[in-house]
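Visitor: Contents are compact mmCIF, C-alpha atoms; file name input.txt:
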# COMPACT_ATOMS: atom_id res chain seq x y z
CA MET A 30 1.00 13.98 8.51
CA ILE A 31 -0.16 10.37 8.06
CA TYR A 32 2.73 8.14 7.03
CA TRP A 33 1.66 4.99 5.17
CA ASP A 34 4.90 4.07 3.42
CA ASN A 35 6.47 1.93 6.12
CA ASN A 36 7.71 -0.70 3.66
CA ALA A 37 10.09 2.01 2.45
CA THR A 38 11.31 2.87 5.93
CA THR A 39 9.90 3.08 9.45
CA PRO A 40 10.15 5.89 12.00
CA LEU A 41 12.85 5.40 14.61
CA ALA A 42 11.41 4.03 17.84
CA PRO A 43 11.97 6.40 20.79
CA GLU A 44 13.61 3.61 22.79
CA VAL A 45 16.01 2.97 19.92
CA LEU A 46 17.11 6.61 19.74
CA GLU A 47 17.64 6.61 23.51
CA SER A 48 19.84 3.52 23.27
CA MET A 49 21.98 5.10 20.51
CA LEU A 50 22.65 8.52 22.04
CA PRO A 51 25.38 7.48 24.52
CA TYR A 52 27.37 5.97 21.62
CA LEU A 53 27.08 9.21 19.66
CA ARG A 54 28.23 11.27 22.64
CA GLU A 55 30.27 9.88 25.53
CA GLN A 56 30.97 6.30 24.40
CA TYR A 57 32.41 7.13 20.99
CA PHE A 58 35.42 4.79 21.28
CA ASN A 59 36.58 2.46 18.52
CA PRO A 60 35.67 -1.07 19.66
CA SER A 61 38.90 -2.45 18.17
CA ALA A 62 41.08 -0.45 20.58
CA ALA A 63 42.66 -2.14 23.61
CA TYR A 64 41.77 0.19 26.49
CA ALA A 65 38.89 -0.38 28.91
CA GLU A 66 36.51 2.18 27.38
CA ALA A 67 36.82 0.51 23.97
CA LYS A 68 36.28 -2.94 25.48
CA ALA A 69 33.03 -1.69 27.02
CA VAL A 70 31.85 -0.62 23.56
CA ARG A 71 32.86 -4.02 22.20
CA ARG A 72 30.74 -5.73 24.87
CA ALA A 73 27.80 -3.54 23.88
CA LEU A 74 28.18 -4.71 20.27
CA GLY A 75 28.13 -8.29 21.55
CA ALA A 76 24.86 -7.61 23.38
CA ALA A 77 23.34 -6.14 20.20
CA ARG A 78 24.45 -9.23 18.28
CA GLU A 79 22.60 -11.39 20.79
CA GLN A 80 19.45 -9.28 20.38
CA VAL A 81 19.48 -9.59 16.58
CA ALA A 82 20.21 -13.33 16.80
CA ALA A 83 17.25 -13.79 19.14
CA LEU A 84 14.96 -12.03 16.64
CA LEU A 85 15.96 -14.55 13.95
CA GLY A 86 16.20 -17.64 16.14
CA VAL A 87 19.93 -18.18 15.48
CA GLU A 88 23.24 -18.03 17.35
CA PRO A 89 25.05 -14.70 17.91
CA ASP A 90 28.22 -15.84 16.12
CA GLU A 91 26.12 -16.38 12.97
CA ILE A 92 25.33 -12.64 12.73
CA ILE A 93 27.57 -10.28 10.74
CA PHE A 94 26.72 -6.59 10.90
CA THR A 95 26.68 -4.74 7.56
CA SER A 96 25.63 -1.37 6.15
CA GLY A 97 22.23 -2.83 5.27
CA ALA A 98 20.46 -5.66 3.49
CA THR A 99 21.77 -4.66 0.06
CA GLU A 100 25.35 -5.23 1.17
CA ALA A 101 24.34 -8.41 2.98
CA THR A 102 22.55 -9.80 -0.09
CA ASN A 103 25.44 -8.98 -2.40
CA SER A 104 27.82 -10.64 0.09
CA ALA A 105 25.72 -13.79 0.28
CA LEU A 106 25.28 -14.17 -3.49
CA ARG A 107 28.65 -12.99 -4.83
CA ALA A 108 29.97 -16.54 -5.29
CA ALA A 109 26.81 -17.97 -6.86
CA GLN A 110 27.26 -19.21 -10.42
CA ARG A 111 23.60 -19.96 -11.14
CA CYS A 112 21.07 -18.66 -8.65
CA LEU A 113 17.38 -19.46 -8.75
CA CYS A 114 15.17 -16.59 -7.67
CA PRO A 115 11.54 -15.56 -8.28
CA ALA A 116 10.66 -12.88 -10.81
CA ILE A 117 9.24 -10.73 -7.99
CA GLU A 118 12.48 -10.33 -6.03
CA HIS A 119 13.87 -7.01 -4.84
CA PRO A 120 16.38 -5.22 -7.12
CA ALA A 121 19.12 -5.86 -4.53
CA THR A 122 18.85 -9.52 -5.46
CA LEU A 123 18.01 -9.36 -9.14
CA ARG A 124 20.63 -6.75 -10.05
CA SER A 125 23.38 -8.39 -8.03
CA LEU A 126 22.87 -11.47 -10.21
CA GLY A 127 21.69 -9.97 -13.48
CA ALA A 128 24.87 -8.01 -14.20
CA GLU A 129 26.54 -11.31 -15.00
CA SER A 130 23.38 -13.12 -16.12
CA ARG A 131 23.66 -15.54 -13.24
CA ALA A 132 19.95 -15.54 -12.39
CA VAL A 133 17.50 -18.33 -13.17
CA ILE A 134 14.03 -16.81 -12.87
CA ALA A 135 11.14 -18.74 -11.32
CA PRO A 136 7.55 -17.72 -12.10
CA VAL A 137 4.89 -16.80 -9.56
CA THR A 138 1.14 -17.31 -9.45
CA PRO A 139 -1.36 -14.50 -10.14
CA GLU A 140 -1.54 -14.02 -6.35
CA GLY A 141 2.22 -13.42 -6.12
CA GLU A 142 3.14 -16.77 -4.57
CA ILE A 143 6.17 -18.65 -5.86
CA ASP A 144 5.14 -21.51 -8.17
CA ALA A 145 6.42 -24.47 -6.12
CA GLU A 146 6.40 -26.93 -9.04
CA ALA A 147 8.37 -24.58 -11.29
CA TRP A 148 10.76 -23.84 -8.39
CA ALA A 149 11.53 -27.55 -7.94
CA ARG A 150 11.87 -28.07 -11.70
CA LEU A 151 14.39 -25.24 -12.07
CA LEU A 152 16.64 -26.17 -9.13
CA PRO A 153 18.86 -28.72 -10.95
CA GLY A 154 21.96 -26.98 -12.27
CA CYS A 155 21.75 -24.17 -9.71
CA ASP A 156 24.23 -23.78 -6.86
CA ALA A 157 22.21 -21.14 -5.01
CA ALA A 158 18.62 -19.99 -4.51
CA SER A 159 17.36 -16.70 -3.15
CA LEU A 160 13.87 -15.60 -2.18
CA ALA A 161 12.20 -12.94 -0.06
CA TRP A 162 10.16 -14.28 2.84
CA VAL A 163 7.73 -11.36 2.40
CA ASN A 164 7.36 -9.44 -0.86
CA HIS A 165 8.22 -5.77 -0.61
CA GLU A 166 5.31 -4.56 -2.76
CA THR A 167 2.40 -6.90 -2.02
CA GLY A 168 3.18 -8.15 1.49
CA VAL A 169 2.60 -11.74 0.33
CA ILE A 170 4.30 -14.25 2.64
CA GLN A 171 6.06 -17.10 0.85
CA ALA A 172 6.12 -20.77 1.88
CA VAL A 173 9.80 -20.54 2.72
CA GLY A 174 9.96 -23.79 4.66
CA SER A 175 8.89 -26.06 1.80
CA LEU A 176 10.78 -24.06 -0.85
CA ALA A 177 14.01 -24.15 1.19
CA ARG A 178 13.62 -27.90 1.80
CA ALA A 179 13.23 -28.51 -1.93
CA ALA A 180 16.42 -26.54 -2.56
CA ALA A 181 18.33 -28.39 0.17
CA GLN A 182 17.26 -31.74 -1.25
CA ALA A 183 18.71 -30.62 -4.59
CA GLY A 184 22.00 -29.62 -2.90
CA VAL A 185 21.33 -25.90 -3.38
CA ARG A 186 22.22 -23.32 -0.73
CA VAL A 187 19.45 -20.90 0.17
CA HIS A 188 19.58 -17.17 0.86
CA VAL A 189 16.46 -15.52 2.26
CA ASP A 190 15.71 -11.80 2.07
CA LEU A 191 14.20 -10.95 5.47
CA VAL A 192 13.86 -7.21 4.88
CA GLN A 193 10.06 -7.15 5.09
CA ALA A 194 9.78 -10.16 7.40
CA ALA A 195 12.17 -9.41 10.27
CA GLY A 196 10.31 -7.82 13.15
CA LYS A 197 6.94 -8.39 11.46
CA ILE A 198 6.48 -12.15 11.67
CA PRO A 199 8.04 -14.63 14.14
CA LEU A 200 11.20 -16.19 12.69
CA ALA A 201 13.17 -19.30 13.60
CA LEU A 202 15.77 -19.75 10.86
CA HIS A 203 17.33 -22.83 12.44
CA GLU A 204 14.12 -24.72 11.74
CA HIS A 205 14.77 -24.43 8.00
CA PRO A 206 17.73 -25.34 5.73
CA ILE A 207 18.70 -21.70 5.19
CA SER A 208 22.38 -20.84 4.71
CA PHE A 209 22.17 -17.03 4.46
CA ALA A 210 19.69 -14.30 5.33
CA SER A 211 19.71 -10.50 4.98
CA LEU A 212 17.93 -7.75 6.90
CA SER A 213 17.94 -3.98 7.46
CA ALA A 214 17.31 -2.23 10.79
CA HIS A 215 15.33 0.69 9.35
CA LYS A 216 12.50 -1.60 8.27
CA PHE A 217 11.58 -2.39 11.90
CA HIS A 218 11.96 0.98 13.60
CA GLY A 219 15.75 0.92 13.77
CA PRO A 220 18.28 3.32 12.23
CA LYS A 221 19.22 3.55 8.56
CA GLY A 222 22.66 2.50 7.35
CA VAL A 223 22.92 -0.71 9.34
CA GLY A 224 21.84 -4.28 8.71
CA ALA A 225 22.99 -7.84 9.14
CA LEU A 226 23.89 -10.99 7.27
CA TYR A 227 23.13 -14.36 8.83
CA VAL A 228 25.61 -17.07 7.83
CA ARG A 229 24.75 -20.51 9.17
CA ARG A 230 27.57 -22.22 11.04
CA GLY A 231 29.66 -24.40 8.75
CA THR A 232 28.59 -22.65 5.55
CA PRO A 233 31.58 -22.00 3.24
CA TRP A 234 31.68 -18.30 2.46
CA LYS A 235 34.10 -15.53 1.50
CA PRO A 236 33.68 -11.96 2.79
CA LEU A 237 32.82 -9.17 0.40
CA LEU A 238 34.86 -6.51 2.24
CA LEU A 239 38.45 -7.21 3.23
CA GLY A 240 40.73 -5.17 5.45
CA GLY A 241 40.80 -5.19 9.23
CA GLY A 242 39.67 -7.92 11.58
CA GLN A 243 36.22 -6.53 12.40
CA GLU A 244 33.26 -8.93 12.65
CA ASP A 245 35.68 -11.79 13.25
CA TYR A 246 37.37 -11.04 9.88
CA ARG A 247 34.06 -11.44 8.06
CA ARG A 248 33.32 -7.78 7.28
CA ALA A 249 36.13 -5.25 7.36
CA GLY A 250 35.64 -1.62 8.38
CA THR A 251 35.11 0.16 11.68
CA GLU A 252 31.70 -0.75 13.02
CA ASN A 253 28.76 1.64 12.96
CA VAL A 254 28.56 1.38 16.73
CA ALA A 255 25.53 3.59 17.40
CA GLY A 256 23.67 2.04 14.48
CA ILE A 257 24.38 -1.51 15.66
CA ILE A 258 23.30 -0.68 19.21
CA GLY A 259 20.10 0.81 17.80
CA MET A 260 19.51 -2.24 15.62
CA GLY A 261 19.87 -4.49 18.64
CA ARG A 262 17.34 -2.50 20.64
CA ALA A 263 14.95 -2.37 17.67
CA ALA A 264 15.27 -6.15 17.30
CA GLU A 265 14.45 -6.62 20.97
CA LEU A 266 11.34 -4.45 20.70
CA ALA A 267 10.23 -6.06 17.43
CA ARG A 268 10.60 -9.58 18.77
CA ASP A 269 7.91 -8.88 21.35
CA ALA A 270 5.69 -6.85 19.02
CA CYS A 271 5.51 -9.28 16.06
CA ARG A 272 4.03 -12.16 18.04
CA ASP A 273 0.51 -10.71 17.85
CA ARG A 274 -0.65 -9.32 14.51
CA SER A 275 -4.33 -9.06 15.41
CA ALA A 276 -4.22 -5.29 15.99
CA LEU A 277 -2.78 -4.67 12.51
CA GLU A 278 -5.30 -7.07 10.97
CA ALA A 279 -8.07 -5.09 12.64
CA LEU A 280 -6.69 -1.82 11.22
CA ARG A 281 -6.53 -3.26 7.69
CA THR A 282 -10.12 -4.49 7.97
CA ARG A 283 -11.22 -1.12 9.36
CA PHE A 284 -9.68 0.75 6.42
CA LEU A 285 -11.18 -1.51 3.75
CA THR A 286 -14.58 -1.57 5.43
CA THR A 287 -14.65 2.24 5.52
CA LEU A 288 -13.83 2.45 1.81
CA ARG A 289 -16.48 -0.10 0.87
CA ALA A 290 -19.10 1.65 2.99
CA ALA A 291 -18.39 4.78 0.90
CA GLY A 292 -19.04 2.87 -2.31
CA ILE A 293 -15.35 2.40 -3.19
CA GLU A 294 -14.37 -1.16 -4.08
CA PRO A 295 -10.57 -1.49 -4.20
CA VAL A 296 -9.01 -4.43 -6.00
CA LEU A 297 -6.30 -6.04 -3.84
CA ASN A 298 -3.21 -7.25 -5.68
CA GLY A 299 -2.25 -10.54 -4.04
CA GLY A 300 -5.44 -10.41 -1.99
CA GLY A 301 -6.10 -14.12 -2.51
CA ALA A 302 -2.65 -15.31 -1.36
CA SER A 303 -2.46 -17.90 1.40
CA ALA A 304 -0.74 -15.45 3.77
CA ARG A 305 -0.04 -11.72 3.72
CA LEU A 306 1.34 -9.16 6.12
CA PRO A 307 -1.66 -7.41 7.67
CA GLN A 308 0.01 -3.99 7.52
CA VAL A 309 0.51 -4.00 3.73
CA LEU A 310 -2.17 -3.23 1.16
CA ASN A 311 -1.35 -3.17 -2.53
CA LEU A 312 -4.58 -1.96 -4.06
CA ARG A 313 -5.98 -0.25 -7.07
CA ILE A 314 -9.06 1.84 -7.73
CA PRO A 315 -10.11 1.00 -11.31
CA GLY A 316 -10.00 4.02 -13.58
CA ILE A 317 -7.85 6.14 -11.27
CA SER A 318 -4.13 6.68 -11.79
CA ALA A 319 -2.07 5.75 -8.72
CA GLU A 320 0.28 8.64 -9.43
CA SER A 321 -2.56 11.16 -9.47
CA LEU A 322 -4.14 9.70 -6.36
CA SER A 323 -0.85 9.60 -4.45
CA LEU A 324 -0.14 13.27 -5.30
CA LEU A 325 -3.58 14.34 -4.09
CA LEU A 326 -3.10 12.30 -0.92
CA GLU A 327 0.31 13.89 -0.37
CA ALA A 328 -1.22 17.35 -0.64
CA GLN A 329 -3.63 16.32 2.13
CA GLY A 330 -0.81 14.97 4.31
CA VAL A 331 -1.06 11.25 3.52
CA LEU A 332 2.19 9.70 2.27
CA CYS A 333 2.12 6.37 0.43
CA ALA A 334 3.77 4.79 -2.61
CA ALA A 335 3.02 3.74 -6.16
CA GLY A 336 5.50 0.83 -6.17
CA SER A 337 8.51 0.24 -3.93
CA ALA A 338 10.87 2.92 -2.67
CA CYS A 339 13.70 1.47 -4.75
CA THR A 340 11.74 1.59 -8.03
CA SER A 341 9.13 4.34 -7.69
CA ALA A 342 11.32 6.88 -9.50
CA GLU A 343 11.53 4.64 -12.57
CA PRO A 344 9.01 5.04 -15.41
CA GLU A 345 8.55 1.30 -15.98
CA PRO A 346 5.56 -0.40 -14.30
CA SER A 347 6.29 -2.60 -11.29
CA HIS A 348 8.15 -5.78 -12.23
CA VAL A 349 6.50 -7.50 -9.25
CA LEU A 350 2.97 -6.86 -10.47
CA ARG A 351 3.95 -7.65 -14.05
CA ALA A 352 5.28 -11.04 -12.93
CA MET A 353 1.86 -11.68 -11.36
CA GLY A 354 0.30 -11.18 -14.79
CA ILE A 355 -1.33 -7.84 -13.99
CA PRO A 356 -1.72 -5.64 -17.12
CA ASP A 357 0.30 -2.43 -17.27
CA ALA A 358 -2.84 -0.28 -17.23
CA ALA A 359 -3.90 -1.89 -13.94
CA ILE A 360 -0.38 -1.58 -12.54
CA ARG A 361 -0.50 2.17 -13.12
CA GLU A 362 -3.60 2.23 -10.92
CA SER A 363 -1.88 0.30 -8.11
CA LEU A 364 -0.94 1.96 -4.85
CA ARG A 365 0.90 0.48 -1.85
CA LEU A 366 -0.17 1.44 1.66
CA SER A 367 1.94 0.10 4.52
CA PHE A 368 1.17 0.74 8.18
CA ASN A 369 3.36 0.13 11.23
CA ARG A 370 2.89 -1.09 14.78
CA TYR A 371 2.34 2.48 16.00
CA SER A 372 -0.57 3.06 13.59
CA SER A 373 -3.85 3.75 15.40
CA ALA A 374 -7.57 3.43 14.68
CA GLU A 375 -7.85 7.23 14.76
CA GLU A 376 -5.10 7.51 12.13
CA ILE A 377 -6.79 4.89 9.95
CA ASP A 378 -10.12 6.73 10.16
CA ARG A 379 -8.56 10.10 9.25
CA GLY A 380 -6.55 8.55 6.42
CA ALA A 381 -9.53 6.65 5.04
CA ASP A 382 -11.62 9.84 5.05
CA ILE A 383 -8.92 11.69 3.08
CA PHE A 384 -8.56 8.71 0.74
CA ILE A 385 -12.30 8.73 -0.01
CA ARG A 386 -12.38 12.50 -0.57
CA CYS A 387 -9.43 12.34 -3.00
CA ILE A 388 -11.01 9.53 -4.99
CA ARG A 389 -14.30 11.41 -5.20
CA LYS A 390 -12.50 14.55 -6.31
CA ILE A 391 -10.83 12.71 -9.19
CA ARG A 392 -14.07 11.02 -10.17
CA SER A 393 -15.94 14.33 -10.11
CA VAL A 394 -13.78 15.76 -12.91
CA GLN A 395 -13.14 12.53 -14.79
CA SER A 396 -15.46 11.17 -17.45
CA SER A 397 -15.47 8.93 -20.48
CA ARG A 398 -14.89 12.04 -22.60
CA THR A 399 -12.04 13.55 -20.59
CA GLY A 400 -10.29 10.25 -19.88
CA PRO A 401 -8.06 9.69 -16.83
CA VAL A 402 -7.18 12.77 -14.81
CA THR A 403 -3.51 13.60 -14.39
CA VAL A 404 -2.37 15.45 -11.26
CA TYR A 405 0.91 17.38 -11.34
CA ARG A 406 3.10 18.25 -8.41
Could you take the file, read its structure, and then write that structure out as structure tokens?
Guide:
Amino acid sequence: MIYWDNNATTPLAPEVLESMLPYLREQYFNPSAAYAEAKAVRRALGAAREQVAALLGVEPDEIIFTSGATEATNSALRAAQRCLCPAIEHPATLRSLGAESRAVIAPVTPEGEIDAEAWARLLPGCDAASLAWVNHETGVIQAVGSLARAAAQAGVRVHVDLVQAAGKIPLALHEHPISFASLSAHKFHGPKGVGALYVRRGTPWKPLLLGGGQEDYRRAGTENVAGIIGMGRAAELARDACRDRSALEALRTRFLTTLRAAGIEPVLNGGGASARLPQVLNLRIPGISAESLSLLLEAQGVLCAAGSACTSAEPEPSHVLRAMGIPDAAIRESLRLSFNRYSSAEEIDRGADIFIRCIRKIRSVQSSRTGPVTVYR
């Protein structure tokens, strides 16, 4: 199997699993208990907090562990009355605001970058702003520093979705006027079901979950100890790995070069953006349905996505690509491939060969008379 859907989730790093196992077996104690064994678990949680804080460039007491980024985002934005966010944001942001029509939507350029002038123009009257550092479908990296400064100058608190950024690009949140940030462990080779919310010191904020005194009374509920330990170890590994992206850039170039040498010219959505994650390719092959291509690829052992994991089951075309002005017909041809830091040149070559063969197969039975070919599962 070749797994190219790492924006949806990443495989658990072996070192992360190893770090978790003791807390699933021998060290199963509730960290809120008073005896020595429980205190040892509590110290381990503190160490994990330090590891996650180091990944983000913040202080450990600014990290609150959650069940994932969705909970963290909802916690950060629950008090917002009018929140400015781009049209390309993840559903965890848009739906947490849209239920009460609290969102003010900012446009993006055809390359998927936030329109800075429109962003600044829409800030007055807002009490919050939220944006993803890296888009979950295109991999486009936003100019968070300048956008956050514009919001701060307008007296607007900023929440940043770090789901596709944490562990993939170097981060130093204290260098920017960011009040909140959300992330999930399973996006950087950690376990599912655990994430974190960064709350900058001195930021007024009310917890979403009330009950016991866990997380310094900021998030009630017995901690997911093994998950948090795993997240800490994953953060430690990712901090070292994300400093050099040249290997992933080489793999992306290798894949595209192989396709072009075979006479296949993919169109890259967001390909002209100022900065993109090297491991993400949102591409389309004109005239070929992404759904049909992805099903053929799956049958050959290559897993990828037509859209994001949170929206791929929905019949509507991607709201991200629509916001970029891409026509629906082209959106239905768009496929997202996302590699990870364990991807190899050999894997890229095998996957590219399968990709080319599947495209040729569709083209061999598709003509102007038959129209687009549909593949069924």
Visitor: Please report the interatomic distance between CA of Arg229 (chain A) and CA of Ser208 (chain A) in Å with one decimal.
Guide: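 It comes out at 5.1 Å.
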Visitor: Applying 8 Å and only C-alpha atoms, which residues near Ile377 (chain A) remain after dropping the ones on its own chain fewer than 3 positions away? List them as a PyMOL selection string.
Guide: chain A and resi 280+283-284+372-374+380-381
Visitor: Quick one: residues within 6 Å of Thr39 (chain A), all atoms listed in the file, excluding same-chain residues fewer than 5 positions away - as a PDB file with C-alpha atoms, in the coordinates of the input?
Guide:
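The result, written out as result_35.pdb:
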ATOM      1  CA  HIS A 215      15.330   0.690   9.350  1.00  0.00           C
ATOM      2  CA  LYS A 216      12.500  -1.600   8.270  1.00  0.00           C
ATOM      3  CA  HIS A 218      11.960   0.980  13.600  1.00  0.00           C
TER       4      HIS A 218
END
Visitor: Measure the distance from CA of Ala201 (chain A) to CA of His119 (chain A) in Å and round it to one decimal.
Guide: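 About the pair CA of Ala201 (chain A) and CA of His119 (chain A): they are 22.2 Å apart.
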Visitor: Calculate how many Å separate CA of Ala264 (chain A) from CA of Ala195 (chain A), rounding to one decimal.
Guide: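 Computing it gives 8.3 Å between the two atoms.
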Visitor: My list of candidates is A:Arg248, A:Val296, A:Ile317, A:Val349. Which is closest to Ser393 (chain A) when distances are computed with only C-alpha atoms?
Guide: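 Using only C-alpha atoms, Ser393 (chain A) sits closest to A:Ile317.
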Visitor: Counting all atoms listed in the file, give me one row per residue of region 195-250 of chain A with an atom at most 7 Å from an atom of region 165-186 of chain A, showing the shortest contact pair and its distance in Å to one decimal, sorted by chain then residue number, as a Markdown table.
Guide:
| residue | atom | partner | partner_atom | distance |
| --- | --- | --- | --- | --- |
| A:His205 | CA | A:Gly174 | CA | 5.9 |
| A:Pro206 | CA | A:Ala177 | CA | 6.0 |
| A:Ile207 | CA | A:Ala177 | CA | 6.6 |
| A:Ser208 | CA | A:Arg186 | CA | 6.0 |
Visitor: Can you list, as a list in words, every protein, DNA or RNA residue that comes within 7 Å of region 326-337 of chain A when you count all atoms listed in the file, leaving out same-chain residues fewer than 4 positions away?
Guide: Met30, Ile31, Tyr32, Trp33, Asp34, Ala37, His165, Glu166, Ala319, Glu320, Leu322, Ser341, Ser347, Ser363, Leu364, Arg365, Leu366, Gly380, Phe384 and Cys387 of chain A
Visitor: Just checking: using only C-alpha atoms, which residue out of A:Glu91, A:Glu142, A:Pro199, A:Ser96 ends up closest to Ser303 (chain A)?
Guide: A:Glu142
Visitor: With only C-alpha atoms as the basis for distance, which of A:Gly354, A:Pro51, A:Gly301, A:Pro40 is at the shortest distance from Ala116 (chain A)?
Guide: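 Result for the nearest residue to Ala116 (chain A): A:Gly354.
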Visitor: Taking into account all atoms listed in the file, which residue in the set A:Glu294, A:Arg281, A:Ala352, A:Ala76 is nearest to Glu376 (chain A)?
Guide: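 Of the candidates, the smallest distance to Glu376 (chain A) is held by A:Arg281.
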Visitor: Using all atoms listed in the file, can you tell me which of A:Ser159, A:Ala67, A:Asn36, A:Leu202 comes closest to Glu88 (chain A)?
Guide: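 Once distances to Glu88 (chain A) are computed over all atoms listed in the file, the minimum belongs to A:Leu202.
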Visitor: Could you please fill out region 246-264 of chain A with N, CA and C atoms and send it back as a short mmCIF file (atom, residue, chain, number, x, y, z; two decimals), keeping the file's coordinate frame?
Guide:
data_model
loop_
_atom_site.label_atom_id
_atom_site.label_comp_id
_atom_site.auth_asym_id
_atom_site.auth_seq_id
_atom_site.Cartn_x
_atom_site.Cartn_y
_atom_site.Cartn_z
N TYR A 246 36.77 -11.00 11.22
CA TYR A 246 37.37 -11.04 9.88
C TYR A 246 36.35 -11.35 8.78
N ARG A 247 35.09 -11.11 9.05
CA ARG A 247 34.06 -11.44 8.06
C ARG A 247 33.48 -10.20 7.37
N ARG A 248 33.77 -9.01 7.92
CA ARG A 248 33.32 -7.78 7.28
C ARG A 248 34.20 -6.64 7.77
N ALA A 249 35.16 -6.26 6.95
CA ALA A 249 36.13 -5.25 7.36
C ALA A 249 35.50 -3.86 7.42
N GLY A 250 36.11 -3.00 8.24
CA GLY A 250 35.64 -1.62 8.38
C GLY A 250 35.18 -1.36 9.80
N THR A 251 35.53 -0.20 10.33
CA THR A 251 35.11 0.16 11.68
C THR A 251 33.60 0.10 11.80
N GLU A 252 33.13 -0.52 12.85
CA GLU A 252 31.70 -0.75 13.02
C GLU A 252 30.92 0.55 13.22
N ASN A 253 29.71 0.57 12.71
CA ASN A 253 28.76 1.64 12.96
C ASN A 253 28.16 1.38 14.34
N VAL A 254 28.90 1.79 15.37
CA VAL A 254 28.56 1.38 16.73
C VAL A 254 27.15 1.82 17.12
N ALA A 255 26.85 3.10 17.00
CA ALA A 255 25.53 3.59 17.40
C ALA A 255 24.42 2.90 16.61
N GLY A 256 24.66 2.71 15.31
CA GLY A 256 23.67 2.04 14.48
C GLY A 256 23.43 0.61 14.92
N ILE A 257 24.50 -0.12 15.23
CA ILE A 257 24.38 -1.51 15.66
C ILE A 257 23.65 -1.59 17.01
N ILE A 258 23.99 -0.70 17.92
CA ILE A 258 23.30 -0.68 19.21
C ILE A 258 21.80 -0.43 18.99
N GLY A 259 21.50 0.52 18.11
CA GLY A 259 20.10 0.81 17.80
C GLY A 259 19.41 -0.37 17.16
N MET A 260 20.10 -1.07 16.26
CA MET A 260 19.51 -2.24 15.62
C MET A 260 19.20 -3.32 16.66
N GLY A 261 20.11 -3.50 17.59
CA GLY A 261 19.87 -4.49 18.64
C GLY A 261 18.63 -4.17 19.45
N ARG A 262 18.51 -2.90 19.85
CA ARG A 262 17.34 -2.50 20.64
C ARG A 262 16.06 -2.62 19.82
N ALA A 263 16.12 -2.24 18.54
CA ALA A 263 14.95 -2.37 17.67
C ALA A 263 14.55 -3.83 17.52
N ALA A 264 15.54 -4.72 17.42
CA ALA A 264 15.27 -6.15 17.30
C ALA A 264 14.58 -6.67 18.55
#
